[in-house]
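The structure appears below as structure tokens.
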Amino acid sequence: MKKKAVNIRVFGVVQGVGFRPFIYRIAKKLSYNGWVKNIGFGVEIHLESKKASDFSDFLETFEEEKPPLALIEELKVEPAANLKLADFTIKKTETGEKFVFISPDISMCDNCRQELHTSTDRRYHYPFINCTDCGPRYTIVKALPYDRPQTTMDEFEMCEDCRKEYSDPLDRRYHAQPIACPVCGPQVILRSTAGKPEISGGIPEAAALIKKGKILGVKGLGGFHLVCSALDHSAVQRLRKIKERKTKPLALMAHSISVIEKYAHITSVERDYLLSARKPIVLLKKKQDIPGIAPHLNEIGFMLPYTPLHELLLEHIDLIVATSSNKKDSPIMKDEQEGIEALCDFILTNNRPIHMRADDSVVKIVEGKPLFLRRARGYVPYPQKVPEHLKTSSQILALGGELKDTVSVYKNGYVVTSQFLGDLDEYQNFIYFEETISHLTRLFDIEPDLVVTDLHPDFHTTRYAQKMGLPHLQVQHHFAHTLAPLLEHGYAGDDKVLGVSLDGFGYGEDKTAWGGEFLLADYSGFNRIGHFKNISLPGGDLAAKQPWRMAAAYLLDCFGSEFPLTPSMKKLDPKKIKGVVEMIRRGLNSPPSSSCGRLFDAVSFLVGLSPLEVEFEAEAPMRLEAASVDGISEFYGFDITVETPNAPRAISFTSMIKSVLEDMDAGLDAGVIAAKFHNTLSRVILHMALHAREIYQVNTLSLTGGVFLNRRLLETSVQLLEQKGFKVLRPLYYSPNDESVSVGQIAYALAAAKNQSL
Ligand SMILES: [Zn+2]
Ligand SMILES: [Zn+2]
């Protein structure tokens, strides 16, 4: 129906992204009077027309031209009183409601890129050019409301020209809080580390040093990268030595898509991700190997320059290693004072402080959809809406697990999850964890009335929560994993789902280490209906570092103490194997576990693909996946045992291990065995899904846990399940690894709060 005036309320990430000036411009262009203002959660627009109108021209232009950083969750149009206003204005923000959505950091936009390369522009070659459509956000905001004095740009006073742009609603930089120019803004500084000859210069000189084989610490958006020439093998090896990483893959930054195409295959979806405003690292299939970058793997991680500074640097050199500046297991460095000097030859820094550190996000594309290995810069702090029936008035803080941790907060129907924080057993990471909690709670004005953690009594997160003096909920690790995709996909069904949660380790309800789990679950609870058969972890934590220990444990379980040795086992000192066998038989430091990660380790070692000792988590499984041959549909047998009618089903891989050894004796290629192994796991998942359908009428599955970062396993499982009519939910914008545990913890806490069980 046609009206003379309407009120439009838009909810989502619409503040600090140039939304109000955008509305101002289209209202002016279409000759509407009225106003626009920020409200809690969003923006309210009042439009008046001289003739009765359905305002469709406004809504269409709005849809077509909305700012690239805006994320619209909801739009409501309501009739309003005609106030006969004479103009369209931007109203000042009223203070009060502080819960607004802050945009993530976003890479340079096309308009800024054009100015950067225009020699007559006043920001020509200025490495900190930005506008309302692009630039730093999450990493420079100190508090809300999002205004310049509340960012790390507060120490730079705007020059006359910048202030004019900042104050003009028709300018692209109207209220662009990080606005800067060569006259008034941050500057780059190139310098040597202590004890080396001084140096002067900027980006071109830095590039020249990289070309000469030097290692540079380069300050970007969320911290320092360590940078060297990707094609200079001795520089790469030196960088590896400094980082204490022999084999862990290093990320590359390339000048352009055409540079990447020399070394990797790119699908159209992968290209979209590489070029997107968020500019994550995208794992791509190798075309031509670059020695020392991703040894033993078939994928390699590339990103494109995302800040003007990176863009200018890559004008001079096509391809660089750009890896987080940290020593093993510490957070990315954000200030020079944190010890960057010890890691590099020269430093390309700048005087714009980083408030919140954030690593680069890492993603791969599986079946056309994202699969995150690490979710950080460019994606944090995007809010996640929760299903309507779970909304509560509580404010909740979830602390996650211990390894690959994140924290999540809940308020007013939305969850915000932090960037990847790392392993909290490292002191520096724990400090980062505390920094992040205070950042998120301040940013979203949250005073939690409930804290959620893992069940593990010894996790730092559990102990931290115990000291908070708040009601404290604890959620089993794999149950939390299962719930995260349910929340993400807005699952609101009454039916239970089958959570298939496969990872390295999580504390079980029976106090053993779980990791190959089949959980019949809804938001309020779960029933463990199946799991991988328990196998001893000889040496406890050492079993995860030395895959041969798991190989021995599986062989002992299959054959008894006189087990046959594969060629890889024969290379070991027989006394070592004997020691492990004794350990298991006497039950010394050999806890039982249903871990799926350790099964991968065992098979990877048996077929000769795993090193004796791994350098990083999942190294042995990643090599097994990388070696797998395409086009194999065969799989091995497995056995299901049921001890008592109500006990969970135990899945035994004894017959599979025996067949693997037979295949090896018959001279079958390790890559074929690896493929058959992956197929077997997918068959196990299908078997359990059909069982759950038959007994519990389950038709929806949640596939989670770090093991599902395995492309081959995920693709094959989803295909098999969908052929049988199952609906499969898997994480899209959260990693299936432990980064999503805090998300699942929130989901459970919401249900618990609803059920009044608190
Ligand atoms: Zn821009
Ligand atoms: Zn200026």
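Ordering of the structure tokens sets the chain letters (A, B, ...), residue numbers begin anew at 1 in every chain, and ligands are numbered from 1 in the order given.
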Q.
Any residue with an atom at most 6 Å from ligand 1 counts, using only C-alpha atoms and all ligand atoms. Which are they? Put them as a VMD selection string.
A. chain A and resid 108 to 109 111 to 112 130 to 131 133 to 134
Could you list the protein, DNA and RNA residues that have any atom within 10 Å of ligand 2, counting only C-alpha atoms and all ligand atoms, and write them as a compact mmCIF listing (two decimals) with all heavy atoms, in the first residue's frame?
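The file below, pocket07.txt, is the result:
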# COMPACT_ATOMS: atom_id res chain seq x y z
N ARG A 122 46.41 12.93 -3.68
CA ARG A 122 47.20 13.34 -2.52
C ARG A 122 47.59 12.15 -1.64
O ARG A 122 48.41 12.27 -0.74
CB ARG A 122 46.49 14.43 -1.72
CG ARG A 122 45.25 13.99 -0.95
CD ARG A 122 44.57 15.22 -0.34
NE ARG A 122 43.57 14.83 0.64
CZ ARG A 122 43.83 14.68 1.94
NH1 ARG A 122 45.04 14.89 2.39
NH2 ARG A 122 42.88 14.33 2.78
N ARG A 123 46.99 11.01 -1.91
CA ARG A 123 47.40 9.81 -1.16
C ARG A 123 48.16 8.82 -2.05
O ARG A 123 48.22 7.63 -1.76
CB ARG A 123 46.17 9.12 -0.55
CG ARG A 123 45.50 9.92 0.55
CD ARG A 123 44.40 9.13 1.24
NE ARG A 123 43.79 9.88 2.33
CZ ARG A 123 42.77 10.71 2.18
NH1 ARG A 123 42.25 10.91 0.97
NH2 ARG A 123 42.29 11.35 3.22
N PHE A 156 46.68 10.58 16.22
CA PHE A 156 46.96 11.34 14.99
C PHE A 156 45.89 12.40 14.81
O PHE A 156 44.71 12.09 14.70
CB PHE A 156 46.96 10.40 13.78
CG PHE A 156 48.03 9.35 13.85
CD1 PHE A 156 47.75 8.09 14.38
CD2 PHE A 156 49.31 9.61 13.39
CE1 PHE A 156 48.72 7.12 14.46
CE2 PHE A 156 50.30 8.64 13.47
CZ PHE A 156 50.01 7.39 14.00
N GLU A 157 46.31 13.66 14.77
CA GLU A 157 45.33 14.72 14.57
C GLU A 157 45.09 14.93 13.09
O GLU A 157 46.04 15.06 12.31
CB GLU A 157 45.80 16.01 15.23
CG GLU A 157 44.64 16.96 15.43
CD GLU A 157 45.06 18.25 16.13
OE1 GLU A 157 45.98 18.20 16.97
OE2 GLU A 157 44.48 19.30 15.80
N MET A 158 43.83 14.96 12.68
CA MET A 158 43.51 15.10 11.26
C MET A 158 43.97 16.45 10.72
O MET A 158 43.79 17.48 11.39
CB MET A 158 41.99 15.03 11.07
CG MET A 158 41.42 13.64 10.98
SD MET A 158 39.64 13.76 10.72
CE MET A 158 39.05 12.74 12.06
N CYS A 159 44.48 16.45 9.50
CA CYS A 159 44.81 17.71 8.84
C CYS A 159 43.52 18.33 8.29
O CYS A 159 42.47 17.70 8.30
CB CYS A 159 45.83 17.48 7.73
SG CYS A 159 45.16 16.57 6.32
N GLU A 160 43.62 19.55 7.78
CA GLU A 160 42.46 20.27 7.25
C GLU A 160 41.73 19.45 6.18
O GLU A 160 40.52 19.28 6.22
CB GLU A 160 42.93 21.60 6.63
CG GLU A 160 42.46 22.87 7.28
CD GLU A 160 41.37 22.74 8.30
OE1 GLU A 160 40.20 22.77 7.89
OE2 GLU A 160 41.66 22.62 9.52
N ASP A 161 42.51 18.92 5.23
CA ASP A 161 41.92 18.18 4.10
C ASP A 161 41.18 16.94 4.58
O ASP A 161 40.08 16.63 4.11
CB ASP A 161 43.01 17.78 3.10
CG ASP A 161 43.54 18.99 2.34
OD1 ASP A 161 42.80 20.00 2.26
OD2 ASP A 161 44.69 18.92 1.85
N CYS A 162 41.81 16.20 5.48
CA CYS A 162 41.18 14.98 5.98
C CYS A 162 39.91 15.33 6.76
O CYS A 162 38.88 14.67 6.63
CB CYS A 162 42.14 14.18 6.86
SG CYS A 162 43.40 13.31 5.90
N ARG A 163 39.99 16.39 7.56
CA ARG A 163 38.82 16.76 8.35
C ARG A 163 37.64 17.13 7.47
O ARG A 163 36.50 16.80 7.77
CB ARG A 163 39.18 17.92 9.31
CG ARG A 163 38.02 18.36 10.21
CD ARG A 163 38.46 19.11 11.44
NE ARG A 163 39.31 18.32 12.32
CZ ARG A 163 38.89 17.35 13.13
NH1 ARG A 163 37.60 17.02 13.15
NH2 ARG A 163 39.73 16.69 13.89
N LYS A 164 37.94 17.78 6.35
CA LYS A 164 36.88 18.15 5.41
C LYS A 164 36.18 16.90 4.85
O LYS A 164 34.96 16.83 4.80
CB LYS A 164 37.47 18.97 4.25
CG LYS A 164 36.94 20.41 4.23
CD LYS A 164 37.73 21.32 3.31
CE LYS A 164 37.27 21.28 1.87
NZ LYS A 164 38.25 22.03 1.02
N GLU A 165 36.99 15.94 4.46
CA GLU A 165 36.41 14.69 3.93
C GLU A 165 35.61 13.97 5.01
O GLU A 165 34.52 13.45 4.77
CB GLU A 165 37.53 13.75 3.44
CG GLU A 165 38.30 14.27 2.24
CD GLU A 165 39.57 13.47 1.96
OE1 GLU A 165 40.06 12.77 2.87
OE2 GLU A 165 40.08 13.55 0.85
N TYR A 166 36.17 13.96 6.21
CA TYR A 166 35.56 13.25 7.34
C TYR A 166 34.20 13.84 7.70
O TYR A 166 33.31 13.14 8.17
CB TYR A 166 36.52 13.33 8.53
CG TYR A 166 36.07 12.62 9.78
CD1 TYR A 166 36.33 11.27 9.96
CD2 TYR A 166 35.39 13.31 10.80
CE1 TYR A 166 35.93 10.61 11.11
CE2 TYR A 166 34.99 12.66 11.95
CZ TYR A 166 35.26 11.31 12.11
OH TYR A 166 34.87 10.67 13.25
N ILE A 179 40.67 7.45 8.96
CA ILE A 179 41.09 8.33 7.86
C ILE A 179 42.50 8.89 8.14
O ILE A 179 42.84 9.22 9.27
CB ILE A 179 40.07 9.49 7.68
CG1 ILE A 179 40.41 10.31 6.42
CG2 ILE A 179 40.04 10.39 8.89
CD1 ILE A 179 39.35 11.36 6.08
N ALA A 180 43.30 8.95 7.07
CA ALA A 180 44.68 9.42 7.23
C ALA A 180 45.22 9.82 5.87
O ALA A 180 44.68 9.43 4.84
CB ALA A 180 45.55 8.31 7.81
N CYS A 181 46.29 10.61 5.87
CA CYS A 181 46.97 10.96 4.63
C CYS A 181 48.45 11.16 4.95
O CYS A 181 48.83 11.16 6.12
CB CYS A 181 46.33 12.20 4.02
SG CYS A 181 46.83 13.73 4.81
N PRO A 182 49.28 11.35 3.94
CA PRO A 182 50.72 11.49 4.22
C PRO A 182 51.03 12.67 5.14
O PRO A 182 52.04 12.65 5.84
CB PRO A 182 51.33 11.72 2.83
CG PRO A 182 50.32 11.26 1.85
CD PRO A 182 48.98 11.41 2.50
N VAL A 183 50.15 13.69 5.16
CA VAL A 183 50.42 14.86 5.98
C VAL A 183 50.16 14.59 7.46
O VAL A 183 50.94 14.98 8.32
CB VAL A 183 49.55 16.05 5.49
CG1 VAL A 183 49.69 17.26 6.42
CG2 VAL A 183 49.90 16.40 4.05
N CYS A 184 49.06 13.89 7.74
CA CYS A 184 48.64 13.77 9.14
C CYS A 184 48.67 12.36 9.70
O CYS A 184 48.54 12.17 10.90
CB CYS A 184 47.25 14.37 9.31
SG CYS A 184 45.96 13.44 8.45
N GLY A 185 48.83 11.36 8.86
CA GLY A 185 48.63 9.99 9.34
C GLY A 185 49.91 9.23 9.66
O GLY A 185 51.00 9.80 9.69
N PRO A 186 49.77 7.94 9.92
CA PRO A 186 50.91 7.08 10.26
C PRO A 186 51.93 7.01 9.11
O PRO A 186 51.59 7.26 7.95
CB PRO A 186 50.28 5.70 10.47
CG PRO A 186 48.82 5.92 10.59
CD PRO A 186 48.50 7.19 9.89
Q.
Which residues are close to A:Pro308, i.e. within 8 Å by only C-alpha atoms, leaving aside same-chain residues fewer than 6 positions away? Reply as a count of residues only.
A. 7
**Q.** Minimum-distance residue to A:Gly525, chosen among A:Asn755, A:Ser568, A:Asn326, A:Thr417 (using only C-alpha atoms)
**A.**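 Of the candidates, the smallest distance to A:Gly525 is held by A:Asn755.
Using only C-alpha atoms, the protein and nucleic acid residues lying no more than 10 Å from A:Ala551, apart from those fewer than 4 places from it along its own chain, are Ala543, Gln546, Pro547, Leu555, Leu556, Asp557, Leu565, Thr566, Ser568, Met569, Ile577, Arg598, Leu599, Phe600, Asp601, Ala602, Val603, Ser604, Phe605, Leu606, Val607 and Ile657 of chain A.
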Q. Nearest to A:Gly560: which of A:Lys576, A:Cys344, A:Leu421, A:Thr654 is it, counting only C-alpha atoms?
A.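 Closest to A:Gly560, using only C-alpha atoms: A:Thr654.
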Q: Please run DSSP on the backbone and report, as a ChimeraX atom specification, all residues within stretch 498-698 of chain A that come out as alpha helix (DSSP H).
A: /A:541-545,547-559,567-570,574-585,596-606,619-627,654-665,670-696
Could you write those residues out with C-alpha atoms, as a compact mmCIF listing (two decimals), in the first residue's frame?
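Dumped everything to part.txt:
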# COMPACT_ATOMS: atom_id res chain seq x y z
CA ASP A 541 50.98 -37.22 25.43
CA LEU A 542 54.08 -38.74 23.85
CA ALA A 543 51.83 -41.08 21.83
CA ALA A 544 50.51 -38.04 19.95
CA LYS A 545 54.02 -36.85 19.13
CA PRO A 547 53.05 -42.00 15.75
CA TRP A 548 55.06 -45.25 15.84
CA ARG A 549 53.79 -45.72 19.40
CA MET A 550 50.21 -45.82 18.10
CA ALA A 551 51.24 -48.16 15.30
CA ALA A 552 52.65 -50.52 17.93
CA ALA A 553 49.54 -50.19 20.10
CA TYR A 554 47.25 -51.10 17.19
CA LEU A 555 49.45 -54.03 16.14
CA LEU A 556 49.49 -55.35 19.71
CA ASP A 557 45.71 -55.06 19.88
CA CYS A 558 45.29 -56.91 16.56
CA PHE A 559 47.84 -59.68 16.80
CA PRO A 567 59.13 -51.95 6.90
CA SER A 568 58.64 -48.65 8.76
CA MET A 569 58.49 -50.50 12.09
CA LYS A 570 61.59 -52.52 11.24
CA PRO A 574 63.44 -53.32 18.64
CA LYS A 575 64.05 -52.41 22.30
CA LYS A 576 61.87 -49.33 21.87
CA ILE A 577 58.99 -51.40 20.51
CA LYS A 578 59.41 -53.92 23.29
CA GLY A 579 59.37 -51.12 25.85
CA VAL A 580 56.08 -49.81 24.52
CA VAL A 581 54.53 -53.28 24.49
CA GLU A 582 55.56 -53.79 28.12
CA MET A 583 54.16 -50.40 29.01
CA ILE A 584 50.76 -51.25 27.55
CA ARG A 585 50.63 -54.76 29.02
CA CYS A 596 40.34 -40.90 15.71
CA GLY A 597 43.45 -38.75 15.26
CA ARG A 598 45.60 -41.48 16.78
CA LEU A 599 44.13 -44.08 14.40
CA PHE A 600 45.24 -41.85 11.51
CA ASP A 601 48.69 -41.60 13.11
CA ALA A 602 48.98 -45.39 13.39
CA VAL A 603 47.98 -46.05 9.76
CA SER A 604 50.15 -43.21 8.46
CA PHE A 605 53.15 -44.71 10.24
CA LEU A 606 52.42 -48.31 9.26
CA GLU A 619 51.12 -33.86 10.52
CA ALA A 620 50.89 -37.66 10.11
CA PRO A 621 47.18 -37.57 9.12
CA MET A 622 47.84 -34.72 6.65
CA ARG A 623 50.54 -36.76 4.95
CA LEU A 624 48.19 -39.74 4.74
CA GLU A 625 45.51 -37.58 3.13
CA ALA A 626 48.01 -35.96 0.74
CA ALA A 627 49.24 -39.38 -0.42
CA THR A 654 41.22 -54.95 13.85
CA SER A 655 40.22 -56.42 10.52
CA MET A 656 41.15 -53.17 8.75
CA ILE A 657 44.67 -53.16 10.25
CA LYS A 658 45.11 -56.79 9.22
CA SER A 659 43.99 -55.99 5.66
CA VAL A 660 46.34 -52.99 5.53
CA LEU A 661 49.26 -55.30 6.34
CA GLU A 662 48.12 -57.84 3.74
CA ASP A 663 47.87 -55.08 1.13
CA MET A 664 51.39 -53.99 2.01
CA ASP A 665 52.68 -57.55 1.72
CA ALA A 670 50.72 -46.64 0.11
CA GLY A 671 48.54 -44.06 -1.68
CA VAL A 672 45.96 -46.73 -2.56
CA ILE A 673 45.96 -48.07 1.00
CA ALA A 674 45.54 -44.50 2.28
CA ALA A 675 42.52 -44.01 -0.01
CA LYS A 676 40.95 -47.31 1.13
CA PHE A 677 41.51 -46.25 4.75
CA HIS A 678 39.67 -42.94 4.20
CA ASN A 679 36.82 -44.80 2.48
CA THR A 680 36.57 -47.16 5.45
CA LEU A 681 36.01 -44.29 7.88
CA SER A 682 33.29 -42.86 5.63
CA ARG A 683 31.64 -46.31 5.61
CA VAL A 684 31.77 -46.42 9.40
CA ILE A 685 30.03 -43.04 9.52
CA LEU A 686 27.37 -44.24 7.07
CA HIS A 687 26.86 -47.44 9.05
CA MET A 688 26.33 -45.52 12.28
CA ALA A 689 24.00 -43.08 10.53
CA LEU A 690 21.83 -45.92 9.24
CA HIS A 691 21.83 -47.49 12.70
CA ALA A 692 20.75 -44.17 14.24
CA ARG A 693 18.01 -43.85 11.62
CA GLU A 694 16.71 -47.34 12.29
CA ILE A 695 16.67 -47.13 16.07
CA TYR A 696 16.21 -43.41 16.76
Q) Do you know which residues are at most 10 Å from A:Gly12 counting only C-alpha atoms, after dropping those on the same chain fewer than 4 positions away, and could you put them as a ChimeraX atom specification? A) /A:40-43,70-75,100-103,382-383,385
Q) Residues at most 12 Å from A:His316, counting only C-alpha atoms, excluding those fewer than 2 positions away in the same chain, as a list in words? A) Ile203, Pro204, Glu205, Ala206, Ala207, Ala208, Leu209, Ile210, Lys211, Ser229, Ala254, His255, Leu309, His310, Glu311, Leu312, Leu313, Leu314, Asp318, Leu319 and Ile320 of chain A
Would you mind exporting N, CA, C and O atoms of the selected residues as a compact mmCIF listing (two decimals), in the first residue's frame?
# COMPACT_ATOMS: atom_id res chain seq x y z
N ILE A 203 59.35 1.36 1.68
CA ILE A 203 58.91 0.10 1.09
C ILE A 203 59.82 -0.39 -0.04
O ILE A 203 60.18 -1.57 -0.06
N PRO A 204 60.25 0.48 -0.97
CA PRO A 204 61.13 -0.04 -2.05
C PRO A 204 62.43 -0.62 -1.50
O PRO A 204 62.89 -1.67 -1.97
N GLU A 205 63.00 0.03 -0.50
CA GLU A 205 64.24 -0.46 0.09
C GLU A 205 63.99 -1.78 0.83
O GLU A 205 64.84 -2.68 0.81
N ALA A 206 62.83 -1.88 1.47
CA ALA A 206 62.49 -3.14 2.17
C ALA A 206 62.42 -4.28 1.15
O ALA A 206 62.94 -5.37 1.38
N ALA A 207 61.78 -4.00 0.02
CA ALA A 207 61.65 -5.04 -1.02
C ALA A 207 63.04 -5.44 -1.54
O ALA A 207 63.30 -6.63 -1.78
N ALA A 208 63.93 -4.45 -1.68
CA ALA A 208 65.28 -4.76 -2.16
C ALA A 208 66.00 -5.69 -1.18
O ALA A 208 66.71 -6.60 -1.59
N LEU A 209 65.80 -5.46 0.11
CA LEU A 209 66.42 -6.32 1.13
C LEU A 209 65.87 -7.75 1.04
O LEU A 209 66.62 -8.72 1.17
N ILE A 210 64.57 -7.86 0.83
CA ILE A 210 63.96 -9.20 0.72
C ILE A 210 64.57 -9.93 -0.47
O ILE A 210 64.92 -11.11 -0.39
N LYS A 211 64.73 -9.20 -1.58
CA LYS A 211 65.31 -9.81 -2.78
C LYS A 211 66.74 -10.27 -2.54
O LYS A 211 67.22 -11.20 -3.18
N SER A 229 61.90 -13.90 0.64
CA SER A 229 61.57 -14.30 -0.72
C SER A 229 61.21 -15.78 -0.73
O SER A 229 61.95 -16.61 -0.21
N ALA A 254 51.15 -13.39 -2.73
CA ALA A 254 51.54 -13.21 -4.12
C ALA A 254 51.05 -11.88 -4.66
O ALA A 254 50.03 -11.36 -4.21
N HIS A 255 51.77 -11.34 -5.63
CA HIS A 255 51.40 -10.06 -6.22
C HIS A 255 50.01 -10.11 -6.84
O HIS A 255 49.23 -9.18 -6.73
N LEU A 309 49.88 -1.21 2.27
CA LEU A 309 51.30 -1.43 2.53
C LEU A 309 51.78 -2.71 1.84
O LEU A 309 52.80 -2.72 1.14
N HIS A 310 51.01 -3.79 1.99
CA HIS A 310 51.37 -5.04 1.32
C HIS A 310 51.34 -4.88 -0.19
O HIS A 310 52.17 -5.39 -0.90
N GLU A 311 50.31 -4.16 -0.65
CA GLU A 311 50.19 -3.98 -2.10
C GLU A 311 51.42 -3.27 -2.67
O GLU A 311 51.96 -3.64 -3.71
N LEU A 312 51.89 -2.24 -1.95
CA LEU A 312 53.06 -1.49 -2.43
C LEU A 312 54.32 -2.36 -2.36
O LEU A 312 55.17 -2.31 -3.25
N LEU A 313 54.43 -3.17 -1.32
CA LEU A 313 55.60 -4.05 -1.19
C LEU A 313 55.64 -5.06 -2.34
O LEU A 313 56.68 -5.32 -2.93
N LEU A 314 54.48 -5.63 -2.67
CA LEU A 314 54.41 -6.65 -3.71
C LEU A 314 54.49 -6.06 -5.12
O LEU A 314 54.48 -6.80 -6.09
N ASP A 318 57.31 -10.44 -6.57
CA ASP A 318 56.09 -11.19 -6.92
C ASP A 318 55.56 -12.09 -5.82
O ASP A 318 54.36 -12.32 -5.72
N LEU A 319 56.48 -12.67 -5.06
CA LEU A 319 56.05 -13.75 -4.18
C LEU A 319 56.89 -13.77 -2.91
O LEU A 319 58.12 -13.86 -2.98
N ILE A 320 56.23 -13.66 -1.76
CA ILE A 320 56.97 -13.69 -0.49
C ILE A 320 56.36 -14.71 0.46
O ILE A 320 55.18 -15.05 0.35
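Every protein or nucleic acid residue with an atom no more than 9 Å from A:Pro136, counting only C-alpha atoms and leaving out same-chain residues fewer than 2 positions away, appears here: Ser103, Pro104, Asp105, Ile106, Ser107, Asn130, Cys134, Tyr138, Thr139, Ile140, Val141, Pro178, Leu221, Gly222 and Thr307 of chain A.
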Q: Can you work out which one of A:Val269, A:Val188, A:Ala322, A:Ala484 has the shortest atom-to-atom distance to A:Arg352, counting only C-alpha atoms?
A: A:Val188
Q) Which one of A:Leu190, A:Gly400, A:Trp514, A:Ser594 sits closest to A:Thr462 if you count only C-alpha atoms? A) A:Gly400
**Q.** Given only C-alpha atoms as the counted atoms, nearest of A:Val629, A:Ile293, A:Ala513, A:Ile651 to A:His531
**A.** A:Ile651
